[in-house]
Amino acid sequence: MSPVATASAGTLITVAPTGAEHAKADLPQLPTTLEEVVETAVRCEAAGASLIHLHVRDAAHAPTLDGAYLRAAVDAVREATDLVVQLSTGGSVHDPLEARLTVLDAEPDSCSLTCGTTNFGDDVFLNPWGFMSELYVQAQEREVVPEFELFDLGHVHALRRLLDTHGLPFGGRVHVDFVTGVPGGMPATTAALMAGVAMLPDEVTSWSATGIGRGHLPIMAAALSAGGHLRVGMEDNVVFRRGQVVSHNDELVSRAAELAVVMQRPPLSTAQARELLGIKDRRSRPAA
Ligand code: KMH
Ligand code: ZN
């Protein structure tokens with residue numbers, strides 16, 4: 001039986017606090033400065049998150065893949081928390097593929113790796129095979145643990161091809177995240193999520209899910225009930241409940257943690273998350 005067929009005893013909660021799509025001008029509470037990102041990381045760790053998925057912004061609050069900004073964010077979050085630090089290699093839909101490969105230079109613990117091209121609203125989120133393959137191999141060589149982002153069922157099949165071509169990722173675990181509800185990708189429905197879970201390669205050791213926008217809560221409930229882990233955060237959803245905009249990412253993490261406790265799958269500690277994902281310890285100070 002595939003290991004993911006058995007429910008995990010705890011819940012890995014990922015926070016994706018910023019993303020590349022929202023504008024600071026429209027959403028002043030979006031963490032975009034280094035100070036705001038660190039403050040968010042600290043509060044979300046306290047609320048139950050164990051992994052942070054980071055997109056970095058520049059001094060004008062615009063998405064950037066500039067190495068100095070990325071390195072500063074990784075170092076500052078690593079210094080202030082024990083969170084697993086994951087950098088996005090998806091960036092924004094406008095980032096060139098070559099720049100997205102340079103993300104690994106910032107030495108994150110983990111990186112996202114999207115397993116195929118998808119329509120993304122009116123834009124296209126480009127992930128051709130050559131790029132995925134190169135990123136996979138570079139992550140292996142640099143001992144960075146990839147998280148496979150699956151926006152569509154075809155992406156699950158592409159993960160099979162990556163594993164067949166290149167073997168297991170660094171760390172020996174295979175963690176995937178279903179990103180549902182992107183206009184152009186798989187819908188944020190329980191049926192679509194379960195179809196994806198049923199297709200997962202046997203090598204997959206854990207999976208999480210997020211629903212964009214109003215799919216947020218249904219996908220959270222579906223993932224928890226099916227033994228999956230959770231991703232929340234303002235990258236994916238800025239509405240806490242009807243008529244109430246999220247004022248801080250820790251509200252979303254706290255609600256996910258409460259639901260996980262009710263479901264008797266309490267949040268994993270950062271140490272447990274590191275174990276689950278096979279993360280190399282890059283912290284310079286002793287673990288808390
Ligand atoms: N911003 C999206 C175009 C990732 O972080 O790897 C891509 C994205 C996926 O958010
Ligand atoms: Zn992202």
# chains A, B, ... in the order shown; residues from 1 in each chain; ligands from 1
>>> residues_near_ligand(ligand="ligand 2", cutoff="10 Å", atoms="only C-alpha atoms and all ligand atoms", output="ChimeraX atom specification")
/A:16-21,53-55,86-92,111-114,149,179,235-236
>>> residues_around(residues="Arg283 (chain A)", least_positions_apart="5", cutoff="9 Å", atoms="only C-alpha atoms", output="ChimeraX atom specification")
/A:78-79,82
>>> residues_around(residues="region 204-217 of chain A", least_positions_apart="5", cutoff="8 Å", atoms="only C-alpha atoms", output="list in words")
Ser2, Pro3, Val4, Leu12, Arg173, Val174, His175, Val176, Asp177, Phe178, Val179, Thr180, Gly181, Val182, Ala188, Thr189, Ala223, Gly228, His229, Leu230, Arg231, Val232, Asp236, Asn237, Val238, Val239 and Leu276 of chain A
>>> select_by_dssp(residues="region 38-77 of chain A", states="alpha helix (DSSP H)", output="PyMOL selection string")
chain A and resi 38-47+67-77
>>> atom_distance(atom1="CA of Met186 (chain A)", atom2="CA of Leu224 (chain A)")
18.8 Å
>>> residues_around(residues="Val261 (chain A)", least_positions_apart="3", cutoff="12 Å", atoms="only C-alpha atoms", output="VMD selection string")
chain A and resid 9 to 13 48 224 254 to 258 264 to 268
>>> residues_around(residues="Asp58 (chain A)", least_positions_apart="4", cutoff="10 Å", atoms="only C-alpha atoms", output="list in words")
Thr32, Thr33, Leu34, Ala62, Pro63, Thr64, Leu65, Asp66, Ala68, Tyr69 and Leu70 of chain A
>>> select_by_dssp(residues="region 24-59 of chain A", states="strand (DSSP E)", output="VMD selection string")
chain A and resid 51 to 54
>>> closest_residue(among="A:Leu163, A:Cys44, A:Val246, A:Ala139", to="Glu107 (chain A)", atoms="only C-alpha atoms")
A:Ala139
>>> atom_distance(atom1="CA of Glu147 (chain A)", atom2="CA of Ala222 (chain A)")
20.1 Å
>>> closest_residue(among="A:Val56, A:Leu168, A:Val38, A:Val245", to="Glu141 (chain A)", atoms="only C-alpha atoms")
A:Leu168
>>> residues_around(residues="Leu30 (chain A)", least_positions_apart="3", cutoff="8 Å", atoms="only C-alpha atoms", output="list in words")
Pro17, Thr18, His22, Lys24, Leu27, Met234 and His248 of chain A
>>> atom_distance(atom1="CA of Ala80 (chain A)", atom2="CA of Met220 (chain A)")
27.8 Å
>>> closest_residue(among="A:Arg100, A:Val74, A:Val145, A:Gly154", to="Cys115 (chain A)", atoms="only C-alpha atoms")
A:Gly154
>>> closest_residue(among="A:Asp123, A:Glu143, A:Glu134, A:Asp250", to="His166 (chain A)", atoms="only C-alpha atoms")
A:Glu134
>>> residues_around(residues="Ser269 (chain A)", least_positions_apart="2", cutoff="8 Å", atoms="only C-alpha atoms", output="mmCIF file with all heavy atoms, in the first residue's frame")
data_model
loop_
_atom_site.group_PDB
_atom_site.id
_atom_site.type_symbol
_atom_site.label_atom_id
_atom_site.label_comp_id
_atom_site.auth_asym_id
_atom_site.auth_seq_id
_atom_site.Cartn_x
_atom_site.Cartn_y
_atom_site.Cartn_z
ATOM 1 N N GLY A 48 1.161 27.677 14.465
ATOM 2 C CA GLY A 48 1.105 26.261 14.072
ATOM 3 C C GLY A 48 1.705 25.928 12.723
ATOM 4 O O GLY A 48 1.697 24.757 12.325
ATOM 5 N N ALA A 49 2.225 26.922 12.022
ATOM 6 C CA ALA A 49 2.868 26.612 10.726
ATOM 7 C C ALA A 49 4.238 25.996 10.970
ATOM 8 O O ALA A 49 4.905 26.293 11.968
ATOM 9 C CB ALA A 49 3.014 27.877 9.885
ATOM 10 N N SER A 50 4.661 25.131 10.039
ATOM 11 C CA SER A 50 6.021 24.590 10.132
ATOM 12 C C SER A 50 6.810 24.794 8.849
ATOM 13 O O SER A 50 8.003 24.506 8.806
ATOM 14 C CB SER A 50 5.994 23.110 10.522
ATOM 15 O OG SER A 50 5.075 22.399 9.736
ATOM 16 N N PRO A 267 -1.140 20.126 14.516
ATOM 17 C CA PRO A 267 -0.031 20.624 13.691
ATOM 18 C C PRO A 267 1.285 19.941 14.040
ATOM 19 O O PRO A 267 1.609 19.737 15.220
ATOM 20 C CB PRO A 267 0.027 22.114 14.042
ATOM 21 C CG PRO A 267 -1.335 22.449 14.510
ATOM 22 C CD PRO A 267 -1.856 21.217 15.206
ATOM 23 N N ALA A 271 10.316 20.438 13.848
ATOM 24 C CA ALA A 271 11.221 19.274 13.828
ATOM 25 C C ALA A 271 10.545 18.101 13.114
ATOM 26 O O ALA A 271 11.178 17.385 12.319
ATOM 27 C CB ALA A 271 11.614 18.886 15.252
ATOM 28 N N GLN A 272 9.276 17.891 13.402
ATOM 29 C CA GLN A 272 8.545 16.798 12.740
ATOM 30 C C GLN A 272 8.408 17.053 11.234
ATOM 31 O O GLN A 272 8.495 16.135 10.430
ATOM 32 C CB GLN A 272 7.161 16.636 13.374
ATOM 33 C CG GLN A 272 7.206 16.082 14.795
ATOM 34 C CD GLN A 272 5.843 16.171 15.486
ATOM 35 O OE1 GLN A 272 5.114 17.161 15.358
ATOM 36 N NE2 GLN A 272 5.503 15.127 16.217
ATOM 37 N N ALA A 273 8.207 18.316 10.893
ATOM 38 C CA ALA A 273 8.088 18.663 9.472
ATOM 39 C C ALA A 273 9.408 18.401 8.747
ATOM 40 O O ALA A 273 9.430 17.882 7.629
ATOM 41 C CB ALA A 273 7.685 20.130 9.320
#
